[in-house]
Amino acid sequence: MCGIVGYIGYNDSKEILLKGLEKLEYRGYDSAGIAVINNDGVQIFKEKGRIADLREAVDPKVEAQTGIGHTRWATHGVPSRTNSHPHQSASERFTLVHNGVIENYDILKREYLQNVEMKSETDTEVIVQLVELFANEGLQVEDAFRKTLTLLHGSYALALIDEQDKETIYVAKNKSPLLVGLGFGFNVVASDAMAMLQVTDKYVELMDKEMVIVKKEEVTIKNLDGEVINREPYTAELDASDIEKGTYPHYMLKEIDEQPAVMRKIIQNYQDENGELEIDSDIVTAMNDADRIYIIAAGTSYHAGLVGKQFIERMAQIPVEVHISSEFGYNMPLLSKKPLFIFISQSGETADSRQVLVQVKEMGHKSLTITNVPGSTLSREADHTMLLYAGPEIAVASTKAYTAQLAVLAILAEVTAKSRAMEVPFNLVQELGIVANAMEVLRDSKEDFEMIAHEYLSTTRNCFFIGRGIDFYVGLEGALKLKEISYIQAEGFAGGELKHGTIALIEEGTPVIALATQKFVNLSIRGNVKEVVARGANPCIISMDGLNMEDDRFVIPEVHELLTPLISVVPVQLISYYAALHRDCDVDKPRNLAKSVTVE
Ligand code: M6R
């Protein structure tokens, strides 16, 4: 969370920084700020709120060729102008932006900074005050910066400028993502390549506990012992048009609509020249060597993991456990003898998942990351990676990444099953093609979902999603989608579980969205609907063609019953989207959230 940028070159930095921050706004949008340095010294512009507010606050007359910027997701201290970055040292010589959490900031404050009056409530301010303290004690700035880094516990991506030297940006990274972008006569810093694609597509990855001295013509990476590290740059394969909204009112709607194309792209990328599905043979070996698979993920990716368990167990017959990453690290279950860990993460940066990866690597276990972002932390650090090929997902609410995760998990399960000479219930390439076509039908039925949202959700305080079997997992995802963007209290429940307590919440008119795509539980889920209707609920049954009954509110096209989550999730995505729209919510940037959750 939080996004940082930096520019040093021969052009005015303000616009480059602001544009970069706009691309990073998905990482947090509580407040934003930039600091630029020229012959008049350092000038800071910062505002509570969005980058658009910051843009208004920036003085267009100020010109400066070096600058740093930040968009914040508050952890320590409320979202406010005072707590927003950049932060300055007591004398205002040093100015800093930070993404991450300094866990020992209070100890450092007590130990080193008792005589310094803090201006903000943030953990970040400690860093910039320490640099000044050590510089005042006589250290060169680079050494003062390095000494400060050695004292920090926690996560950080940092960019620091010194009022006495407008030719340098000091940068460092630990756990939080950070890249240095290379140009001719300029260099940049960014949390994500997307931010600086406007000026360069050449990037150098940074590893944890590295610092970088960034100048216009030169970038020097060092470890914390001061040794220089040489690393080749790579070209970011991102198309700038992928990150534009085009004619869509919201990224979320664009990304929902992209799902059929994503399905086709995934098929293409995982097919060999004979049209057979293919994955890296080392991954197949890792799957076959495992006596149990542990899927680790958060939020929507966790919900994808629950469906993935069904795919892997039913097709490849390897036992699978699915765990929430923030719990797993602190409450590790008894592991099997030969576990394989699968990390599912759209961003590949989720700190909760990463802390598990670090732990299991230390224990010597094998790992596979399924992610949308090549080169992301979880991808780099795991033994193997499978990419989602979904294209950048910008809306905070995950949509196309979820369906891409399901498709890739199905491919993983199918290829593994075949390698074990197990019978696979279908031709997956064909079935994913059918899924893509069905998604197109749903895409063209938006008016129905808009109507459902209006009818069921425009005034309600709460809503339930129920399903049985694999439909239950889609219900969990539906509830997450609805609550995160419309702020309606929503819960996903196993149809049979409601009567064990939660049914007490059903009142006259409570919307209950029921999914009925599984033949073997079609009658029982309908029985559960009757139970809630008898208590006043307003039911909305979404069923699959062939299983539909009178009064069902929407019938989705038929796909193989194991793959229904790829389809049944689309109506709940669209219903959530329209519910949020009707309530005038900020669909792409819901309150209190950020796209990439890089704090534990
Ligand atoms: O990038 P990740 O897939 O690891 O992110 C995990 C969750 O933060 C994410 O899925 C979140 O739940 C979504 N915003 C939900 O739409």
# chains A, B, ... in the order shown; residues from 1 in each chain; ligands from 1
>>> select_by_dssp(residues="stretch 193-359 of chain A", states="helix (DSSP H, G or I)", output="number ranges by chain")
A: 193-196, 240-243, 251-257, 259-269, 281-289, 299-316, 325-328, 351-359
>>> closest_atom_pairs(of="stretch 311-404 of chain A", to="stretch 8-25 of chain A", cutoff="12 Å", atoms="only C-alpha atoms", output="CSV")
residue,atom,partner,partner_atom,distance
A:Pro392,CA,A:Lys23,CA,11.2
A:Glu393,CA,A:Lys23,CA,11.6
A:Ile394,CA,A:Lys23,CA,8.8
A:Ala395,CA,A:Glu25,CA,10.2
A:Val396,CA,A:Glu25,CA,10.1
>>> closest_residue(among="A:Leu334, A:Val204, A:Ala159, A:Ala316", to="A:Asn288", atoms="only C-alpha atoms")
A:Ala316
>>> closest_residue(among="A:Ser419, A:Asn38, A:Thr200, A:Ser376", to="ligand 1", atoms="only C-alpha atoms and all ligand atoms")
A:Ser376
>>> residues_around(residues="A:Asp165", least_positions_apart="4", cutoff="9 Å", atoms="only C-alpha atoms", output="tab-separated table (two decimals) with N, CA and C atoms, in the first residue's frame")
chain	number	residue	atom	x	y	z
A	37	ILE	N	12.74	19.89	-5.84
A	37	ILE	CA	13.88	20.67	-5.37
A	37	ILE	C	14.51	21.42	-6.56
A	161	ILE	N	15.30	13.09	-0.50
A	161	ILE	CA	16.10	14.14	-1.13
A	161	ILE	C	16.71	15.04	-0.05
A	169	ILE	N	18.77	11.39	-5.68
A	169	ILE	CA	17.66	10.83	-4.89
A	169	ILE	C	18.21	9.56	-4.24
>>> closest_atom_pairs(of="chain A", to="ligand 1", cutoff="9 Å", atoms="only C-alpha atoms and all ligand atoms", output="JSON lines")
{"residue": "A:Ala297", "atom": "CA", "partner": "ligand 1", "partner_atom_place_in_ligand_line": "4 (O)", "distance": 6.3}
{"residue": "A:Ala298", "atom": "CA", "partner": "ligand 1", "partner_atom_place_in_ligand_line": "6 (C)", "distance": 4.5}
{"residue": "A:Gly299", "atom": "CA", "partner": "ligand 1", "partner_atom_place_in_ligand_line": "12 (O)", "distance": 3.2}
{"residue": "A:Thr300", "atom": "CA", "partner": "ligand 1", "partner_atom_place_in_ligand_line": "10 (O)", "distance": 3.7}
{"residue": "A:Ser301", "atom": "CA", "partner": "ligand 1", "partner_atom_place_in_ligand_line": "3 (O)", "distance": 4.8}
{"residue": "A:Tyr302", "atom": "CA", "partner": "ligand 1", "partner_atom_place_in_ligand_line": "10 (O)", "distance": 7.3}
{"residue": "A:His303", "atom": "CA", "partner": "ligand 1", "partner_atom_place_in_ligand_line": "10 (O)", "distance": 8.4}
{"residue": "A:Phe343", "atom": "CA", "partner": "ligand 1", "partner_atom_place_in_ligand_line": "4 (O)", "distance": 8.5}
{"residue": "A:Ile344", "atom": "CA", "partner": "ligand 1", "partner_atom_place_in_ligand_line": "3 (O)", "distance": 6.4}
{"residue": "A:Ser345", "atom": "CA", "partner": "ligand 1", "partner_atom_place_in_ligand_line": "3 (O)", "distance": 3.5}
{"residue": "A:Gln346", "atom": "CA", "partner": "ligand 1", "partner_atom_place_in_ligand_line": "3 (O)", "distance": 3.7}
{"residue": "A:Ser347", "atom": "CA", "partner": "ligand 1", "partner_atom_place_in_ligand_line": "1 (O)", "distance": 3.6}
{"residue": "A:Gly348", "atom": "CA", "partner": "ligand 1", "partner_atom_place_in_ligand_line": "1 (O)", "distance": 5.7}
{"residue": "A:Glu349", "atom": "CA", "partner": "ligand 1", "partner_atom_place_in_ligand_line": "1 (O)", "distance": 6.2}
{"residue": "A:Thr350", "atom": "CA", "partner": "ligand 1", "partner_atom_place_in_ligand_line": "4 (O)", "distance": 4.6}
{"residue": "A:Ala351", "atom": "CA", "partner": "ligand 1", "partner_atom_place_in_ligand_line": "4 (O)", "distance": 8.2}
{"residue": "A:Asp352", "atom": "CA", "partner": "ligand 1", "partner_atom_place_in_ligand_line": "4 (O)", "distance": 8.4}
{"residue": "A:Ser353", "atom": "CA", "partner": "ligand 1", "partner_atom_place_in_ligand_line": "4 (O)", "distance": 7.1}
{"residue": "A:Thr371", "atom": "CA", "partner": "ligand 1", "partner_atom_place_in_ligand_line": "3 (O)", "distance": 7.6}
{"residue": "A:Asn372", "atom": "CA", "partner": "ligand 1", "partner_atom_place_in_ligand_line": "1 (O)", "distance": 8.4}
{"residue": "A:Ala395", "atom": "CA", "partner": "ligand 1", "partner_atom_place_in_ligand_line": "14 (N)", "distance": 8.1}
{"residue": "A:Val396", "atom": "CA", "partner": "ligand 1", "partner_atom_place_in_ligand_line": "14 (N)", "distance": 4.9}
{"residue": "A:Ala397", "atom": "CA", "partner": "ligand 1", "partner_atom_place_in_ligand_line": "16 (O)", "distance": 3.4}
{"residue": "A:Ser398", "atom": "CA", "partner": "ligand 1", "partner_atom_place_in_ligand_line": "16 (O)", "distance": 3.8}
{"residue": "A:Thr399", "atom": "CA", "partner": "ligand 1", "partner_atom_place_in_ligand_line": "16 (O)", "distance": 6.9}
{"residue": "A:Ala401", "atom": "CA", "partner": "ligand 1", "partner_atom_place_in_ligand_line": "3 (O)", "distance": 7.8}
{"residue": "A:Tyr402", "atom": "CA", "partner": "ligand 1", "partner_atom_place_in_ligand_line": "10 (O)", "distance": 8.0}
{"residue": "A:Glu477", "atom": "CA", "partner": "ligand 1", "partner_atom_place_in_ligand_line": "15 (C)", "distance": 8.2}
{"residue": "A:Leu480", "atom": "CA", "partner": "ligand 1", "partner_atom_place_in_ligand_line": "15 (C)", "distance": 6.7}
{"residue": "A:Lys481", "atom": "CA", "partner": "ligand 1", "partner_atom_place_in_ligand_line": "16 (O)", "distance": 5.8}
{"residue": "A:Glu484", "atom": "CA", "partner": "ligand 1", "partner_atom_place_in_ligand_line": "16 (O)", "distance": 7.1}
{"residue": "A:Ile485", "atom": "CA", "partner": "ligand 1", "partner_atom_place_in_ligand_line": "16 (O)", "distance": 8.6}
{"residue": "A:Leu593", "atom": "CA", "partner": "ligand 1", "partner_atom_place_in_ligand_line": "14 (N)", "distance": 7.6}
{"residue": "A:Ala594", "atom": "CA", "partner": "ligand 1", "partner_atom_place_in_ligand_line": "14 (N)", "distance": 7.2}
{"residue": "A:Lys595", "atom": "CA", "partner": "ligand 1", "partner_atom_place_in_ligand_line": "14 (N)", "distance": 5.7}
{"residue": "A:Ser596", "atom": "CA", "partner": "ligand 1", "partner_atom_place_in_ligand_line": "1 (O)", "distance": 5.6}
{"residue": "A:Val597", "atom": "CA", "partner": "ligand 1", "partner_atom_place_in_ligand_line": "8 (O)", "distance": 5.7}
>>> atom_distance(atom1="atom CA of A:Val373", atom2="atom CA of A:Ala157")
18.5 Å
>>> closest_atom_pairs(of="stretch 55-159 of chain A", to="stretch 188-199 of chain A", cutoff="10 Å", atoms="only C-alpha atoms", output="Markdown table")
| residue | atom | partner | partner_atom | distance |
| --- | --- | --- | --- | --- |
| A:Thr66 | CA | A:Val188 | CA | 9.7 |
| A:Gly67 | CA | A:Val188 | CA | 9.5 |
| A:Ile68 | CA | A:Val189 | CA | 8.4 |
| A:Gly69 | CA | A:Ala190 | CA | 9.3 |
| A:His70 | CA | A:Ala190 | CA | 9.7 |
| A:Asn99 | CA | A:Ser191 | CA | 8.6 |
| A:Ala157 | CA | A:Ser191 | CA | 7.8 |
| A:Leu158 | CA | A:Val189 | CA | 9.6 |
| A:Ala159 | CA | A:Val189 | CA | 8.0 |
>>> write_last_selection(atoms="C-alpha atoms", output="PDB file, in the first residue's frame")
ATOM      1  CA  THR A  66      14.189  16.603  -9.262  1.00  0.00           C
ATOM      2  CA  GLY A  67      11.255  15.435  -7.212  1.00  0.00           C
ATOM      3  CA  ILE A  68       9.601  12.648  -5.237  1.00  0.00           C
ATOM      4  CA  GLY A  69       5.919  11.863  -4.697  1.00  0.00           C
ATOM      5  CA  HIS A  70       3.593   9.691  -2.641  1.00  0.00           C
ATOM      6  CA  ASN A  99       5.705   2.925   1.613  1.00  0.00           C
ATOM      7  CA  ALA A 157      10.295   1.547  -0.008  1.00  0.00           C
ATOM      8  CA  LEU A 158      11.909   4.944   0.445  1.00  0.00           C
ATOM      9  CA  ALA A 159      12.936   7.952  -1.600  1.00  0.00           C
TER      10      ALA A 159
END
>>> closest_residue(among="A:Leu340, A:Leu482, A:Leu523, A:Val474", to="A:Ala453", atoms="only C-alpha atoms")
A:Leu482
>>> residues_around(residues="A:Arg50", least_positions_apart="3", cutoff="9 Å", atoms="only C-alpha atoms", output="ChimeraX atom specification")
/A:22,25,29-32,47,53-55,71
>>> residues_around(residues="stretch 536-538 of chain A", least_positions_apart="4", cutoff="7 Å", atoms="only C-alpha atoms", output="short mmCIF file (atom, residue, chain, number, x, y, z; two decimals) with N, CA and C atoms, in the first residue's frame")
data_model
loop_
_atom_site.label_atom_id
_atom_site.label_comp_id
_atom_site.auth_asym_id
_atom_site.auth_seq_id
_atom_site.Cartn_x
_atom_site.Cartn_y
_atom_site.Cartn_z
N ILE A 506 -32.69 -12.73 8.95
CA ILE A 506 -33.60 -12.54 7.82
C ILE A 506 -34.86 -11.81 8.30
N GLU A 507 -35.17 -10.72 7.61
CA GLU A 507 -36.36 -9.93 7.95
C GLU A 507 -37.18 -9.75 6.69
N GLU A 508 -38.30 -9.10 6.84
CA GLU A 508 -39.14 -8.80 5.68
C GLU A 508 -38.31 -8.03 4.64
N GLY A 509 -38.17 -8.59 3.48
CA GLY A 509 -37.50 -7.88 2.37
C GLY A 509 -36.00 -8.08 2.28
N THR A 510 -35.37 -8.83 3.22
CA THR A 510 -33.91 -9.03 3.13
C THR A 510 -33.56 -9.73 1.81
N PRO A 511 -32.69 -9.13 1.00
CA PRO A 511 -32.35 -9.80 -0.25
C PRO A 511 -31.46 -11.03 -0.01
N VAL A 512 -31.82 -12.13 -0.64
CA VAL A 512 -30.99 -13.34 -0.59
C VAL A 512 -30.73 -13.77 -2.03
N VAL A 532 -35.83 -19.26 3.76
CA VAL A 532 -35.67 -17.81 4.01
C VAL A 532 -36.88 -17.03 3.53
#
>>> select_by_dssp(residues="stretch 313-543 of chain A", states="strand (DSSP E)", output="short mmCIF file (atom, residue, chain, number, x, y, z; two decimals) with C-alpha atoms, in the first residue's frame")
data_model
loop_
_atom_site.label_atom_id
_atom_site.label_comp_id
_atom_site.auth_asym_id
_atom_site.auth_seq_id
_atom_site.Cartn_x
_atom_site.Cartn_y
_atom_site.Cartn_z
CA VAL A 320 -5.46 -29.60 -0.91
CA GLU A 321 -5.83 -27.25 2.05
CA VAL A 322 -6.71 -23.60 1.50
CA HIS A 323 -5.56 -21.02 4.04
CA ILE A 324 -5.94 -17.29 4.58
CA PRO A 339 4.01 -30.16 0.92
CA LEU A 340 3.81 -27.87 -2.08
CA PHE A 341 2.74 -24.29 -1.38
CA ILE A 342 0.69 -22.46 -3.99
CA PHE A 343 0.44 -18.70 -3.53
CA ILE A 344 -2.41 -17.08 -5.43
CA SER A 345 -2.11 -13.32 -5.76
CA LYS A 366 8.68 -25.85 -2.58
CA SER A 367 6.45 -23.07 -3.82
CA LEU A 368 4.49 -21.95 -6.86
CA THR A 369 3.04 -18.47 -7.33
CA ILE A 370 0.01 -17.87 -9.52
CA THR A 371 0.02 -14.16 -10.28
CA HIS A 384 7.85 -21.51 -9.89
CA THR A 385 5.36 -19.07 -11.41
CA MET A 386 2.23 -19.39 -13.49
CA LEU A 387 1.01 -16.14 -14.99
CA ASN A 462 -27.75 -6.05 4.16
CA CYS A 463 -27.77 -8.94 1.73
CA PHE A 464 -26.99 -12.68 1.75
CA PHE A 465 -25.46 -14.84 -0.93
CA ILE A 466 -26.15 -18.52 -0.56
CA GLY A 467 -25.04 -21.59 -2.45
CA GLN A 489 -23.33 -5.52 4.76
CA ALA A 490 -23.16 -8.76 2.79
CA GLU A 491 -22.40 -12.33 3.80
CA GLY A 492 -21.81 -15.47 1.80
CA PHE A 493 -23.23 -18.61 3.36
CA ALA A 494 -23.45 -22.30 2.69
CA PRO A 511 -32.35 -9.80 -0.25
CA VAL A 512 -30.99 -13.34 -0.59
CA ILE A 513 -29.11 -14.06 -3.78
CA ALA A 514 -29.02 -17.82 -4.30
CA LEU A 515 -26.78 -19.57 -6.81
CA ALA A 516 -28.05 -22.83 -8.29
CA ASN A 538 -36.69 -11.36 -1.05
CA PRO A 539 -35.04 -14.16 -3.08
CA CYS A 540 -33.07 -13.72 -6.28
CA ILE A 541 -32.20 -17.11 -7.74
CA ILE A 542 -29.48 -17.24 -10.37
CA SER A 543 -29.48 -20.70 -11.87
#
>>> closest_atom_pairs(of="stretch 187-257 of chain A", to="stretch 569-574 of chain A", cutoff="12 Å", atoms="only C-alpha atoms", output="JSON lines")
{"residue": "A:Met252", "atom": "CA", "partner": "A:Gln573", "partner_atom": "CA", "distance": 9.0}
{"residue": "A:Leu253", "atom": "CA", "partner": "A:Leu574", "partner_atom": "CA", "distance": 7.8}
{"residue": "A:Lys254", "atom": "CA", "partner": "A:Leu574", "partner_atom": "CA", "distance": 11.1}
{"residue": "A:Glu255", "atom": "CA", "partner": "A:Gln573", "partner_atom": "CA", "distance": 10.4}
{"residue": "A:Ile256", "atom": "CA", "partner": "A:Val570", "partner_atom": "CA", "distance": 7.4}
{"residue": "A:Asp257", "atom": "CA", "partner": "A:Val570", "partner_atom": "CA", "distance": 9.4}
>>> atom_distance(atom1="atom CA of A:Lys202", atom2="atom CA of A:Asp242")
17.6 Å
>>> residues_around(residues="stretch 76-79 of chain A", least_positions_apart="3", cutoff="8 Å", atoms="only C-alpha atoms", output="list in words")
Asp30, Ser31, Lys48, Trp73, Asn83, Ser84, Ser120, Glu121, Thr122 and Asp123 of chain A
>>> write_last_selection(atoms="N, CA and C atoms", output="CSV table (one decimal), in the first residue's frame")
chain,number,residue,atom,x,y,z
A,30,ASP,N,-5.7,8.1,0.4
A,30,ASP,CA,-6.1,8.9,1.5
A,30,ASP,C,-5.6,10.3,1.4
A,31,SER,N,-4.4,10.4,0.9
A,31,SER,CA,-3.8,11.7,0.8
A,31,SER,C,-2.6,11.6,-0.2
A,48,LYS,N,-4.9,16.2,1.7
A,48,LYS,CA,-5.7,15.1,2.1
A,48,LYS,C,-6.6,14.8,0.8
A,73,TRP,N,-2.0,5.2,1.8
A,73,TRP,CA,-3.0,4.4,2.5
A,73,TRP,C,-2.6,4.4,4.0
A,83,ASN,N,-0.3,14.3,8.2
A,83,ASN,CA,0.3,12.9,8.2
A,83,ASN,C,0.7,12.5,6.8
A,84,SER,N,0.3,13.3,5.8
A,84,SER,CA,0.6,12.9,4.4
A,84,SER,C,2.0,13.1,4.1
A,120,SER,N,4.3,14.8,12.9
A,120,SER,CA,3.2,14.0,12.4
A,120,SER,C,3.0,12.8,13.4
A,121,GLU,N,1.9,12.0,13.1
A,121,GLU,CA,1.7,10.8,13.9
A,121,GLU,C,2.3,9.6,13.2
A,122,THR,N,3.1,9.8,12.2
A,122,THR,CA,3.5,8.6,11.3
A,122,THR,C,4.7,7.9,11.8
A,123,ASP,N,4.9,6.7,11.4
A,123,ASP,CA,6.1,5.9,11.7
A,123,ASP,C,7.2,6.5,10.8
>>> atom_distance(atom1="atom CA of A:Ala580", atom2="atom CA of A:Glu450")
10.5 Å
>>> closest_residue(among="A:Gly391, A:Ile575, A:Glu92, A:Ala35", to="A:Ala64", atoms="only C-alpha atoms")
A:Ala35
>>> closest_residue(among="A:Ser379, A:Val555, A:Pro565, A:Pro260", to="A:Arg443", atoms="only C-alpha atoms")
A:Pro260
>>> closest_residue(among="A:Ser80, A:Ser486, A:Asn522, A:Asn274", to="A:Pro590", atoms="only C-alpha atoms")
A:Ser486
>>> decode(residues="stretch 245-271 of chain A", atoms="N, CA and C atoms", output="short mmCIF file (atom, residue, chain, number, x, y, z; two decimals), in the first residue's frame")
data_model
loop_
_atom_site.label_atom_id
_atom_site.label_comp_id
_atom_site.auth_asym_id
_atom_site.auth_seq_id
_atom_site.Cartn_x
_atom_site.Cartn_y
_atom_site.Cartn_z
N LYS A 245 -8.72 3.73 -19.29
CA LYS A 245 -10.13 3.32 -19.15
C LYS A 245 -10.86 3.28 -20.49
N GLY A 246 -10.29 3.98 -21.47
CA GLY A 246 -10.96 4.05 -22.77
C GLY A 246 -12.31 4.72 -22.62
N THR A 247 -13.35 4.12 -23.23
CA THR A 247 -14.67 4.77 -23.19
C THR A 247 -15.50 4.32 -21.98
N TYR A 248 -14.91 3.48 -21.15
CA TYR A 248 -15.67 2.97 -19.99
C TYR A 248 -15.76 4.01 -18.87
N PRO A 249 -16.89 4.03 -18.16
CA PRO A 249 -16.99 4.96 -17.02
C PRO A 249 -16.10 4.53 -15.85
N HIS A 250 -15.87 3.23 -15.73
CA HIS A 250 -15.06 2.72 -14.62
C HIS A 250 -14.16 1.57 -15.09
N TYR A 251 -13.01 1.44 -14.44
CA TYR A 251 -12.14 0.31 -14.73
C TYR A 251 -12.85 -1.00 -14.42
N MET A 252 -13.64 -1.01 -13.35
CA MET A 252 -14.26 -2.28 -12.95
C MET A 252 -15.12 -2.84 -14.09
N LEU A 253 -15.91 -1.96 -14.71
CA LEU A 253 -16.77 -2.42 -15.79
C LEU A 253 -15.93 -2.89 -16.97
N LYS A 254 -14.88 -2.15 -17.28
CA LYS A 254 -13.99 -2.53 -18.39
C LYS A 254 -13.40 -3.92 -18.09
N GLU A 255 -12.98 -4.11 -16.86
CA GLU A 255 -12.30 -5.36 -16.52
C GLU A 255 -13.27 -6.54 -16.50
N ILE A 256 -14.53 -6.28 -16.11
CA ILE A 256 -15.54 -7.35 -16.19
C ILE A 256 -15.73 -7.73 -17.66
N ASP A 257 -15.81 -6.72 -18.49
CA ASP A 257 -16.03 -6.98 -19.93
C ASP A 257 -14.85 -7.66 -20.60
N GLU A 258 -13.68 -7.51 -20.03
CA GLU A 258 -12.49 -8.11 -20.65
C GLU A 258 -12.39 -9.61 -20.41
N GLN A 259 -13.25 -10.14 -19.55
CA GLN A 259 -13.07 -11.54 -19.12
C GLN A 259 -13.09 -12.57 -20.27
N PRO A 260 -14.00 -12.43 -21.25
CA PRO A 260 -13.94 -13.44 -22.33
C PRO A 260 -12.59 -13.40 -23.06
N ALA A 261 -12.08 -12.19 -23.30
CA ALA A 261 -10.78 -12.07 -24.00
C ALA A 261 -9.67 -12.66 -23.14
N VAL A 262 -9.76 -12.47 -21.84
CA VAL A 262 -8.73 -13.02 -20.94
C VAL A 262 -8.74 -14.54 -21.00
N MET A 263 -9.94 -15.12 -21.04
CA MET A 263 -10.03 -16.60 -21.14
C MET A 263 -9.29 -17.07 -22.38
N ARG A 264 -9.52 -16.38 -23.49
CA ARG A 264 -8.90 -16.81 -24.76
C ARG A 264 -7.39 -16.62 -24.71
N LYS A 265 -6.98 -15.55 -24.07
CA LYS A 265 -5.53 -15.30 -23.97
C LYS A 265 -4.86 -16.38 -23.11
N ILE A 266 -5.55 -16.79 -22.06
CA ILE A 266 -4.98 -17.84 -21.19
C ILE A 266 -4.85 -19.14 -21.97
N ILE A 267 -5.89 -19.48 -22.73
CA ILE A 267 -5.83 -20.73 -23.51
C ILE A 267 -4.61 -20.66 -24.43
N GLN A 268 -4.50 -19.53 -25.15
CA GLN A 268 -3.38 -19.36 -26.09
C GLN A 268 -2.03 -19.54 -25.41
N ASN A 269 -1.89 -18.90 -24.25
CA ASN A 269 -0.59 -18.91 -23.58
C ASN A 269 -0.22 -20.25 -22.96
N TYR A 270 -1.21 -21.09 -22.72
CA TYR A 270 -0.90 -22.38 -22.11
C TYR A 270 -1.11 -23.55 -23.09
N GLN A 271 -1.13 -23.24 -24.40
CA GLN A 271 -1.28 -24.31 -25.38
C GLN A 271 0.05 -24.59 -26.07
#
